Each structure stands twice: as C-alpha cells, then as structure tokens.
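One file, target.csv, is given below (CSV, C-alpha atoms and all ligand atoms).
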chain,number,residue,atom,x,y,z
T,53,MET,CA,57.4,68.3,-109.6
T,54,LYS,CA,58.5,64.7,-109.9
T,55,ARG,CA,60.1,64.4,-106.5
T,56,HIS,CA,57.1,66.0,-105.0
T,57,ALA,CA,54.7,63.8,-106.9
T,58,PHE,CA,56.5,60.7,-105.7
T,59,SER,CA,56.7,61.6,-102.2
T,60,ALA,CA,53.0,62.5,-102.2
T,61,ALA,CA,52.2,59.1,-103.8
T,62,ALA,CA,54.3,57.2,-101.3
T,63,PHE,CA,52.7,59.1,-98.5
T,64,THR,CA,49.3,58.3,-99.8
T,65,GLY,CA,50.1,54.6,-99.8
T,66,ALA,CA,51.4,54.8,-96.3
T,67,ILE,CA,48.3,56.5,-94.9
T,68,LEU,CA,45.8,54.4,-96.7
T,69,GLY,CA,44.6,52.8,-93.5
T,70,ALA,CA,44.2,56.1,-91.8
T,71,ALA,CA,42.5,57.6,-94.8
T,72,MET,CA,39.1,56.4,-93.6
T,73,PHE,CA,39.3,58.9,-90.8
T,74,ALA,CA,40.9,61.6,-92.9
T,75,SER,CA,39.6,65.1,-92.5
T,76,PRO,CA,38.9,67.2,-95.7
T,77,ALA,CA,42.4,68.7,-95.3
T,78,MET,CA,43.8,65.2,-95.9
T,79,ALA,CA,42.5,65.3,-99.5
T,80,GLN,CA,44.8,68.3,-100.0
T,81,GLU,CA,47.8,66.2,-99.2
T,82,GLU,CA,46.9,63.6,-101.8
T,83,GLU,CA,47.3,66.1,-104.7
T,84,LYS,CA,50.0,65.1,-107.1
T,85,PHE,CA,51.8,67.7,-109.2
T,86,ILE,CA,53.2,67.2,-112.6
T,87,THR,CA,55.2,69.5,-114.7
T,88,ILE,CA,55.4,69.1,-118.5
T,89,GLY,CA,58.3,70.7,-120.5
T,90,THR,CA,57.2,72.3,-123.7
T,91,GLY,CA,58.9,74.9,-125.9
T,92,GLY,CA,58.5,78.6,-126.9
T,93,GLN,CA,55.1,80.1,-126.5
T,94,THR,CA,54.6,80.6,-130.3
T,95,GLY,CA,55.4,77.0,-131.1
T,96,VAL,CA,53.1,73.9,-130.9
T,97,TYR,CA,54.8,72.1,-128.0
T,98,TYR,CA,53.4,74.8,-125.7
T,99,VAL,CA,49.9,73.9,-127.0
T,100,VAL,CA,50.5,70.2,-126.6
T,101,GLY,CA,51.5,70.7,-122.9
T,102,GLN,CA,48.7,73.1,-122.2
T,103,SER,CA,46.2,70.8,-123.9
T,104,VAL,CA,47.4,67.7,-121.9
T,105,CYS,CA,47.2,69.7,-118.7
T,106,ARG,CA,43.7,71.0,-119.5
T,107,LEU,CA,42.4,67.4,-119.8
T,108,VAL,CA,44.4,66.1,-116.8
T,109,ASN,CA,43.2,68.9,-114.6
T,110,ARG,CA,39.6,68.0,-115.4
T,111,LEU,CA,39.9,64.4,-114.1
T,112,GLU,CA,37.6,64.1,-111.2
T,113,ASP,CA,39.2,61.4,-109.1
T,114,ALA,CA,42.9,61.5,-110.0
T,115,ASN,CA,43.6,64.7,-108.1
T,116,ILE,CA,46.6,65.6,-110.4
T,117,LYS,CA,47.6,69.2,-110.8
T,118,CYS,CA,49.3,69.6,-114.1
T,119,ASN,CA,51.3,72.6,-115.4
T,120,ALA,CA,53.2,73.1,-118.6
T,121,PRO,CA,55.6,76.0,-118.7
T,122,SER,CA,57.4,77.3,-121.7
T,123,THR,CA,61.0,75.9,-122.0
T,124,GLY,CA,64.0,76.0,-124.3
T,125,GLY,CA,62.7,73.0,-126.2
T,126,SER,CA,63.5,69.3,-126.8
T,127,VAL,CA,67.0,69.0,-125.4
T,128,ALA,CA,66.2,71.2,-122.4
T,129,ASN,CA,63.2,69.0,-121.7
T,130,ILE,CA,65.3,65.8,-121.7
T,131,ASN,CA,67.7,67.5,-119.3
T,132,GLY,CA,64.9,68.7,-117.1
T,133,ILE,CA,63.4,65.2,-116.9
T,134,LYS,CA,66.8,63.8,-116.1
T,135,SER,CA,67.4,66.3,-113.3
T,136,GLY,CA,63.9,65.9,-111.8
T,137,GLN,CA,62.7,69.4,-112.6
T,138,LEU,CA,60.2,68.1,-115.1
T,139,ASP,CA,58.1,64.9,-115.0
T,140,MET,CA,57.3,64.7,-118.6
T,141,GLY,CA,58.1,66.6,-121.8
T,142,VAL,CA,57.6,67.0,-125.5
T,143,VAL,CA,60.7,66.2,-127.5
T,144,GLN,CA,61.6,65.6,-131.2
T,145,SER,CA,61.8,61.9,-132.2
T,146,ASP,CA,65.4,62.4,-133.3
T,147,VAL,CA,66.3,63.8,-129.8
T,148,GLN,CA,64.4,60.9,-128.1
T,149,TYR,CA,66.4,58.4,-130.1
T,150,GLN,CA,69.8,60.2,-129.5
T,151,ALA,CA,69.1,60.6,-125.8
T,152,TYR,CA,68.0,57.0,-125.2
T,153,ASN,CA,70.8,55.5,-127.3
T,154,GLY,CA,73.6,58.0,-126.4
T,155,THR,CA,74.3,59.2,-129.9
T,156,GLY,CA,74.6,62.6,-131.6
T,157,ASN,CA,74.8,65.4,-129.0
T,158,PHE,CA,74.2,62.7,-126.3
T,159,GLU,CA,77.3,60.7,-127.3
T,160,GLY,CA,78.4,58.6,-124.4
T,161,ASP,CA,75.5,59.7,-122.2
T,162,ALA,CA,72.7,57.2,-122.9
T,163,TYR,CA,69.6,58.0,-120.8
T,164,GLU,CA,68.3,54.5,-120.2
T,165,ASP,CA,65.5,55.6,-118.0
T,166,LEU,CA,63.9,57.6,-120.7
T,167,ARG,CA,60.4,56.3,-121.6
T,168,ALA,CA,58.2,57.1,-124.5
T,169,VAL,CA,54.5,57.9,-123.9
T,170,PHE,CA,53.1,58.7,-127.4
T,171,ARG,CA,53.9,60.4,-130.7
T,172,VAL,CA,52.2,63.6,-131.6
T,173,HIS,CA,52.3,65.7,-134.8
T,174,GLY,CA,54.9,65.8,-137.6
T,175,GLU,CA,57.6,68.5,-137.4
T,176,PRO,CA,59.4,69.5,-140.7
T,177,LEU,CA,62.6,71.3,-140.5
T,178,THR,CA,61.4,74.7,-141.5
T,179,LEU,CA,63.7,77.3,-143.1
T,180,LEU,CA,62.2,80.7,-143.5
T,181,ALA,CA,64.2,83.5,-145.2
T,182,ARG,CA,63.4,87.2,-145.8
T,183,ALA,CA,62.4,87.6,-149.5
T,184,ASP,CA,65.0,90.5,-149.8
T,185,SER,CA,67.9,88.2,-148.5
T,186,GLY,CA,68.4,86.5,-151.9
T,187,ILE,CA,68.2,83.1,-150.2
T,188,GLU,CA,66.5,80.5,-152.4
T,189,THR,CA,68.2,77.3,-151.5
T,190,LEU,CA,69.9,75.8,-148.5
T,191,ASP,CA,73.4,76.6,-149.9
T,192,ASP,CA,72.4,80.2,-150.1
T,193,LEU,CA,72.7,80.4,-146.3
T,194,GLU,CA,76.5,80.6,-146.7
T,195,GLY,CA,77.6,84.1,-145.7
T,196,LYS,CA,74.2,85.0,-144.4
T,197,ARG,CA,72.9,85.9,-140.9
T,198,VAL,CA,71.1,82.8,-139.7
T,199,ASN,CA,69.4,82.1,-136.4
T,200,ILE,CA,70.6,78.5,-135.8
T,201,GLY,CA,68.5,78.2,-132.6
T,202,ASN,CA,69.1,78.3,-128.8
T,203,PRO,CA,71.2,75.6,-127.3
T,204,GLY,CA,68.6,73.3,-125.7
T,205,SER,CA,66.2,73.6,-128.7
T,206,GLY,CA,65.4,70.7,-131.0
T,207,GLN,CA,66.0,72.9,-134.1
T,208,ARG,CA,69.5,73.6,-132.9
T,209,ASN,CA,70.1,69.9,-132.5
T,210,THR,CA,68.8,69.1,-136.0
T,211,MET,CA,70.5,72.1,-137.6
T,212,GLU,CA,73.8,70.8,-136.3
T,213,VAL,CA,73.1,67.5,-138.1
T,214,VAL,CA,72.5,69.6,-141.3
T,215,MET,CA,75.6,71.6,-140.8
T,216,GLU,CA,77.7,68.5,-140.3
T,217,ALA,CA,76.3,66.9,-143.5
T,218,LYS,CA,77.2,70.2,-145.3
T,219,GLY,CA,80.6,70.5,-143.8
T,220,TRP,CA,79.6,73.8,-142.3
T,221,THR,CA,80.5,75.5,-139.0
T,222,LYS,CA,79.2,78.6,-137.4
T,223,ASP,CA,81.8,80.5,-139.4
T,224,THR,CA,80.0,79.5,-142.6
T,225,PHE,CA,77.4,82.2,-141.7
T,226,SER,CA,78.2,85.9,-141.3
T,227,LEU,CA,76.2,85.7,-138.1
T,228,ALA,CA,75.0,82.5,-136.3
T,229,SER,CA,72.6,83.8,-133.7
T,230,GLN,CA,71.1,81.6,-131.0
T,231,LEU,CA,67.8,83.3,-130.2
T,232,ASP,CA,65.0,81.4,-128.6
T,233,ALA,CA,62.2,80.1,-130.8
T,234,ALA,CA,59.8,82.8,-129.6
T,235,GLU,CA,62.2,85.6,-130.5
T,236,GLN,CA,63.0,84.5,-134.1
T,237,ALA,CA,60.1,85.9,-135.9
T,238,ALA,CA,60.7,89.4,-134.6
T,239,ALA,CA,64.4,89.2,-135.4
T,240,LEU,CA,63.6,88.3,-139.0
T,241,ALA,CA,61.0,91.0,-139.3
T,242,ASP,CA,63.4,93.6,-137.8
T,243,ASN,CA,66.1,92.5,-140.2
T,244,ASN,CA,68.5,91.3,-137.5
T,245,VAL,CA,68.7,88.0,-139.3
T,246,ASP,CA,68.2,86.8,-142.9
T,247,ALA,CA,66.8,83.4,-142.0
T,248,MET,CA,65.5,81.3,-139.2
T,249,VAL,CA,65.2,77.6,-138.7
T,250,TYR,CA,62.5,75.9,-136.7
T,251,VAL,CA,61.6,72.2,-136.3
T,252,VAL,CA,57.9,72.7,-135.7
T,253,GLY,CA,54.3,71.5,-136.6
T,254,HIS,CA,52.2,73.6,-139.0
T,255,PRO,CA,50.5,75.9,-138.9
T,256,ASN,CA,52.1,77.7,-136.0
T,257,GLY,CA,52.2,81.1,-134.4
T,258,SER,CA,55.8,81.8,-135.0
T,259,ILE,CA,55.9,81.3,-138.8
T,260,GLN,CA,52.5,83.1,-139.0
T,261,GLU,CA,54.0,86.1,-137.1
T,262,ALA,CA,57.0,86.2,-139.3
T,263,THR,CA,55.2,86.0,-142.6
T,264,THR,CA,52.6,88.6,-141.7
T,265,THR,CA,55.1,91.1,-140.6
T,266,VAL,CA,57.7,90.7,-143.4
T,267,ASP,CA,57.9,89.3,-146.9
T,268,ALA,CA,59.4,85.9,-146.1
T,269,ARG,CA,59.7,82.6,-148.0
T,270,LEU,CA,59.9,78.9,-146.9
T,271,ILE,CA,63.0,77.5,-148.5
T,272,PRO,CA,63.1,73.8,-149.7
T,273,LEU,CA,65.6,71.4,-148.1
T,274,ASN,CA,65.9,68.7,-150.7
T,275,ASP,CA,69.5,68.5,-151.9
T,276,GLU,CA,71.9,65.6,-151.7
T,277,ALA,CA,73.1,66.4,-148.2
T,278,ILE,CA,69.5,66.1,-147.0
T,279,ASP,CA,68.9,62.9,-148.9
T,280,GLY,CA,72.0,61.5,-147.2
T,281,ILE,CA,70.7,62.5,-143.8
T,282,VAL,CA,67.4,60.8,-144.5
T,283,GLU,CA,69.1,57.7,-145.7
T,284,GLU,CA,71.6,57.5,-142.8
T,285,PHE,CA,69.3,58.0,-139.8
T,286,PRO,CA,66.1,56.0,-139.4
T,287,TYR,CA,64.4,58.8,-137.4
T,288,TYR,CA,64.4,61.4,-140.3
T,289,SER,CA,62.1,61.3,-143.2
T,290,LYS,CA,61.1,63.4,-146.1
T,291,SER,CA,58.2,65.7,-145.6
T,292,VAL,CA,56.3,68.6,-147.1
T,293,ILE,CA,55.0,71.9,-145.7
T,294,PRO,CA,51.7,72.3,-147.5
T,295,GLY,CA,51.2,75.5,-149.5
T,296,GLY,CA,48.7,78.0,-148.5
T,297,LEU,CA,49.2,78.0,-144.8
T,298,TYR,CA,51.2,81.2,-144.7
T,299,LYS,CA,51.0,84.6,-146.4
T,300,GLY,CA,53.2,84.7,-149.6
T,301,ASN,CA,53.8,80.9,-149.5
T,302,ASP,CA,51.3,79.3,-151.7
T,303,GLU,CA,53.3,76.3,-153.0
T,304,ASP,CA,54.2,73.1,-151.2
T,305,VAL,CA,57.7,73.1,-149.9
T,306,GLU,CA,59.8,69.9,-149.7
T,307,THR,CA,61.9,69.3,-146.7
T,308,PHE,CA,62.6,66.6,-144.1
T,309,GLY,CA,61.6,66.2,-140.6
T,310,VAL,CA,60.8,64.3,-137.4
T,311,ALA,CA,57.8,63.8,-135.1
T,312,ALA,CA,57.0,65.5,-131.8
T,313,THR,CA,56.9,62.9,-129.1
T,314,PHE,CA,55.8,62.9,-125.5
T,315,VAL,CA,58.2,61.3,-123.0
T,316,THR,CA,58.8,60.7,-119.3
T,317,THR,CA,61.1,58.7,-117.1
T,318,ALA,CA,60.9,55.1,-115.9
T,319,GLU,CA,60.8,56.6,-112.4
T,320,ALA,CA,57.5,58.4,-113.1
T,321,ASP,CA,54.6,57.0,-111.1
T,322,GLU,CA,52.7,54.4,-113.1
T,323,GLU,CA,49.3,55.6,-112.1
T,324,ILE,CA,50.0,59.2,-112.9
T,325,VAL,CA,51.2,58.3,-116.4
T,326,TYR,CA,48.2,56.0,-116.8
T,327,GLN,CA,45.8,58.7,-115.8
T,328,THR,CA,47.6,61.2,-118.1
T,329,VAL,CA,47.2,59.1,-121.2
T,330,LYS,CA,43.7,58.1,-120.3
T,331,ALA,CA,42.8,61.8,-120.0
T,332,ILE,CA,44.0,62.4,-123.5
T,333,PHE,CA,42.7,59.3,-125.3
T,334,ASP,CA,39.4,59.2,-123.5
T,335,ASN,CA,38.8,62.7,-124.8
T,336,PHE,CA,40.6,62.4,-128.1
T,337,ASP,CA,38.2,64.3,-130.3
T,338,ARG,CA,38.4,67.2,-127.9
T,339,PHE,CA,42.2,67.0,-127.8
T,340,LYS,CA,42.4,67.1,-131.6
T,341,GLN,CA,40.4,70.3,-131.7
T,342,LEU,CA,42.9,72.1,-129.6
T,343,HIS,CA,45.4,72.8,-132.4
T,344,PRO,CA,45.1,72.4,-136.2
T,345,ALA,CA,48.5,70.5,-136.2
T,346,PHE,CA,46.6,67.7,-134.3
T,347,GLU,CA,43.9,67.3,-136.9
T,348,ASN,CA,45.2,64.2,-138.6
T,349,LEU,CA,46.4,62.4,-135.5
T,350,ASP,CA,45.5,58.7,-135.3
T,351,GLN,CA,45.5,57.0,-131.9
T,352,GLU,CA,47.0,53.7,-132.8
T,353,GLU,CA,49.7,55.3,-134.9
T,354,MET,CA,50.5,57.6,-132.0
T,355,VAL,CA,51.4,54.8,-129.7
T,356,THR,CA,53.2,52.5,-132.2
T,357,MET,CA,55.2,54.8,-134.5
T,358,GLY,CA,58.2,57.1,-134.1
T,359,LEU,CA,59.1,56.0,-130.6
T,360,SER,CA,62.5,54.6,-129.8
T,361,ALA,CA,62.6,54.5,-126.0
T,362,PRO,CA,60.5,51.8,-124.5
T,363,LEU,CA,56.9,52.7,-123.6
T,364,HIS,CA,56.3,53.7,-120.0
T,365,ASP,CA,54.5,51.0,-118.0
T,366,GLY,CA,51.6,53.2,-117.1
T,367,ALA,CA,51.0,54.2,-120.8
T,368,ALA,CA,51.4,50.6,-122.0
T,369,ARG,CA,48.8,49.5,-119.5
T,370,TYR,CA,46.2,51.9,-121.0
T,371,TYR,CA,47.2,51.0,-124.6
T,372,ARG,CA,46.8,47.3,-123.8
T,373,GLU,CA,43.4,47.9,-122.3
T,374,GLN,CA,42.4,49.6,-125.6
T,375,GLY,CA,43.9,46.7,-127.7
T,376,TRP,CA,46.3,49.0,-129.4
T,377,ILE,CA,49.4,47.0,-128.4
T,378,GLU,CA,49.9,43.4,-127.4
T,401,LIG,N1,60.8,71.2,-132.1
T,401,LIG,C1,61.1,72.3,-131.2
T,401,LIG,C2,62.1,71.9,-130.2
T,401,LIG,O1,62.3,70.7,-129.9
T,401,LIG,C3,59.9,72.9,-130.6
T,401,LIG,C4,58.8,73.1,-131.5
T,401,LIG,C5,57.5,73.7,-130.8
T,401,LIG,O2,57.7,74.3,-129.7
T,401,LIG,O3,56.4,73.4,-131.3
T,401,LIG,O4,62.7,72.7,-129.5
Now, as a test, write the supplied structure out as structure tokens.
Ligand code: GLU
Amino acid sequence: MKRHAFSAAAFTGAILGAAMFASPAMAQEEEKFITIGTGGQTGVYYVVGQSVCRLVNRLEDANIKCNAPSTGGSVANINGIKSGQLDMGVVQSDVQYQAYNGTGNFEGDAYEDLRAVFRVHGEPLTLLARADSGIETLDDLEGKRVNIGNPGSGQRNTMEVVMEAKGWTKDTFSLASQLDAAEQAAALADNNVDAMVYVVGHPNGSIQEATTTVDARLIPLNDEAIDGIVEEFPYYSKSVIPGGLYKGNDEDVETFGVAATFVTTAEADEEIVYQTVKAIFDNFDRFKQLHPAFENLDQEEMVTMGLSAPLHDGAARYYREQGWIE
C-alpha cells in the first residue's frame, strides 16, 4: 500500500548510515509494497496489472512486492489511488482526462495530483447483444434489458456519455442492470439481459465467454450521436473491432473508443515508479507476449500519446534516459 511504501522508503533513508551493520532481518524492512488497481478478472486490465507485477517482482535489487487485485474498474481505481488504498491503477483515457481536469463525472473535483505513467492498449466501446434480442443498432437498445455497468467501471462512465448524447435515461431501458464486468457474460448467456457494454481490449475472456455460450452479436456504434461524441471530446476516437476474434462475429464492427492508461499519484515514490517502468520497458518483448491485446504496442507511442495528466517524475526520468521524451 502507498502509505506503507512511503513510510518504508523514508525509514530506509533514515537508517542508511546504520545499514552497513544491518542484520539480514533488516533487508526485510526495506521491502516496498505496491498495489495496482485493475478491473474484472475476465477483462484485460487484470492481465495488465498481473503482468506488470510479474516483471516488478522479478527485479533483483529493487525489493518491491507488487500485487494487482481485481477491482470495479477505472473510476474505482482513481478513487482508490486518491484514498491511498492503491498506488497505481489502470484507467481509461477518458476517465484520466475527466479526473485530472474535473469534468464529466468528476465535475468540480479535479484530481491535480493524478499522474500518467504510460498508455497501454486500445479499448473500443463494445456492445454485445443476444442474437434473439432483435438488437441490431444502438437505437434498438430502447426498451431492452441492458447491463450498463457497475458504478466505478469505465464502461459505466462512457455509457453515461452515450446515454446523454442520445437523450436517454435508465428508464429508456426495460431494465438497466449494474452487474460487474465479470458477471456480464453469464447474465447474457442466462438470458437475464439482452445486451452488455464493455470498454475493453480485444480479444478478451469476457466476450469470448459470452459468444461461446450463447449466440451473440457485436453491434456497431456509428450513428450521428457517436460522431458527435467523437467530435466533441478529444479523448474519444473512432475504432474497429476486427472480425474473426469471436465465434459468430466474422465481420469488422465500427465503434468508438479510448485507450487503457496506467496512472499513479504525484505522491508516489519516484524510485518505485522508475523501477516499475524500467521493469516493463527493459523486458518489453516479454511484456507484449503476456496478452494478445498488447501485440501492437509501441514503446514511444505508449509514453507520448493518450495521456492528459502530466507524466510522473519517476516515469519521465526513465523515458528521458531512453530518449523517448525531451
Ligand atoms: N475499461 C474497463 C474499466 O475501466 C475495464 C476493462 C478491463 O478490465 O480490461 O472499467
């Protein structure tokens, strides 16, 4: 935990002189713990967090113990970092922007200490409907049973932007359920909802689970309301979910989306953040192999694009050493 990590770091500094005489037990005291907020276990954030921790925990001299529990998603991760329960987290680029600038769901509550670390994979807003629901377009959601996402998730945040653009409320749907990301696929398969929304990298376990247990279709999001959203907000862009990733979904599907980003707080220890990014980028080929959604990642793009909060000093130090930023 953050508070723990800091006090351990401060303690380490204070005892530097005495360290020469330290007993082996002293090494124990120098361990620093970091906790990374992710998302549901069938999403990609969970893999990002686990992958980062795997590389950080292998560092020989840094003595950092990293863990990455499942959480409610982007907004929950921002709140967890703010409250000190999390040190770092994965959040959607729209949520990063809104939290830092105090807009959208963060209106009047700008989190100025939020710091960007790097961007990860692209995340299209993914609308999946049962084939027997009759849903073929976004407008067909009216009167249907839709899982709009748990409060705290990024998809809920982005779905609210879509609902606002459409002039919709929860009453637009016959049911607006708020299940966690990891519960959605089963709810769709069990016919408890007609459609689910997920802002997520592809391919992922959740959409795979849903499409292999029930006949379900990815629905395009490409109408005027979506064009308006993409025009209005700099952090949204058009994107495509490639065909052939999921059973019964052979065609490309047009939608819009964001990027997953890795963030922390200005309060996070510079050396810990430096070691974390070093662990990833010194082992980048290995990192990219940990999930197919990481396949096309490019190091320089990851540190220069899609970030709205300032870079954390520890991350910037490493990127400067690599010549990726000025
Ligand atoms: N984008 C989702 C969120 O912010 C999480 C996606 C994932 O877990 O991969 O809640």
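Residues lying within 7 Å of Met354 (chain T), counting only C-alpha atoms and ignoring same-chain neighbours fewer than 6 positions away, are Phe170, Arg171 and Val172 of chain T.
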What does the list of residues within 8 Å of ligand LIG 401 (chain T) look like if you count only C-alpha atoms and all ligand atoms, written as a ChimeraX atom specification? /T:90-99,124-127,142-144,147,175,204-208,233,250-253,256,312
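Comparing the minimum interatomic distances between Leu297 (chain T) and each of T:Val325, T:Pro255, T:Thr264, T:Ala234, counting only C-alpha atoms, we find that T:Pro255 sits nearest.
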Excluding same-chain residues fewer than 2 positions from Gln150 (chain T), what lies within 12 Å of it counting all atoms listed in the file, as number ranges by chain? T: 126-127, 130, 143-148, 152-164, 166, 206, 209-210, 213, 285-287, 359-361
Selected residues, C-alpha atoms, written as a PDB file, in the coordinates of the input, please.
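Contents of part-v1.pdb, freshly written:
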ATOM      1  CA  SER T 126      63.500  69.300-126.800  1.00  0.00           C
ATOM      2  CA  VAL T 127      67.000  69.000-125.400  1.00  0.00           C
ATOM      3  CA  ILE T 130      65.300  65.800-121.700  1.00  0.00           C
ATOM      4  CA  VAL T 143      60.700  66.200-127.500  1.00  0.00           C
ATOM      5  CA  GLN T 144      61.600  65.600-131.200  1.00  0.00           C
ATOM      6  CA  SER T 145      61.800  61.900-132.200  1.00  0.00           C
ATOM      7  CA  ASP T 146      65.400  62.400-133.300  1.00  0.00           C
ATOM      8  CA  VAL T 147      66.300  63.800-129.800  1.00  0.00           C
ATOM      9  CA  GLN T 148      64.400  60.900-128.100  1.00  0.00           C
ATOM     10  CA  TYR T 152      68.000  57.000-125.200  1.00  0.00           C
ATOM     11  CA  ASN T 153      70.800  55.500-127.300  1.00  0.00           C
ATOM     12  CA  GLY T 154      73.600  58.000-126.400  1.00  0.00           C
ATOM     13  CA  THR T 155      74.300  59.200-129.900  1.00  0.00           C
ATOM     14  CA  GLY T 156      74.600  62.600-131.600  1.00  0.00           C
ATOM     15  CA  ASN T 157      74.800  65.400-129.000  1.00  0.00           C
ATOM     16  CA  PHE T 158      74.200  62.700-126.300  1.00  0.00           C
ATOM     17  CA  GLU T 159      77.300  60.700-127.300  1.00  0.00           C
ATOM     18  CA  GLY T 160      78.400  58.600-124.400  1.00  0.00           C
ATOM     19  CA  ASP T 161      75.500  59.700-122.200  1.00  0.00           C
ATOM     20  CA  ALA T 162      72.700  57.200-122.900  1.00  0.00           C
ATOM     21  CA  TYR T 163      69.600  58.000-120.800  1.00  0.00           C
ATOM     22  CA  GLU T 164      68.300  54.500-120.200  1.00  0.00           C
ATOM     23  CA  LEU T 166      63.900  57.600-120.700  1.00  0.00           C
ATOM     24  CA  GLY T 206      65.400  70.700-131.000  1.00  0.00           C
ATOM     25  CA  ASN T 209      70.100  69.900-132.500  1.00  0.00           C
ATOM     26  CA  THR T 210      68.800  69.100-136.000  1.00  0.00           C
ATOM     27  CA  VAL T 213      73.100  67.500-138.100  1.00  0.00           C
ATOM     28  CA  PHE T 285      69.300  58.000-139.800  1.00  0.00           C
ATOM     29  CA  PRO T 286      66.100  56.000-139.400  1.00  0.00           C
ATOM     30  CA  TYR T 287      64.400  58.800-137.400  1.00  0.00           C
ATOM     31  CA  LEU T 359      59.100  56.000-130.600  1.00  0.00           C
ATOM     32  CA  SER T 360      62.500  54.600-129.800  1.00  0.00           C
ATOM     33  CA  ALA T 361      62.600  54.500-126.000  1.00  0.00           C
TER      34      ALA T 361
END
Which residues are near Arg338 (chain T)? Cut-off 10 Å, all atoms listed in the file, ignore same chain within fewer than 6 positions. Put them as a PyMOL selection string. chain T and resi 103+107+332
CA of His173 (chain T) to CA of Glu347 (chain T), distance in Å rounded to a single decimal: 8.8 Å
Give me the residues within 9 Å of Glu303 (chain T) as a list in words, counting only C-alpha atoms and dropping any in the same chain fewer than 3 places off. Ile293, Pro294, Gly295 and Gly296 of chain T
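Proximity of T:Ile259, T:Ala239, T:Val100, T:Ile116 to Glu323 (chain T), computed with only C-alpha atoms, is greatest for T:Ile116.
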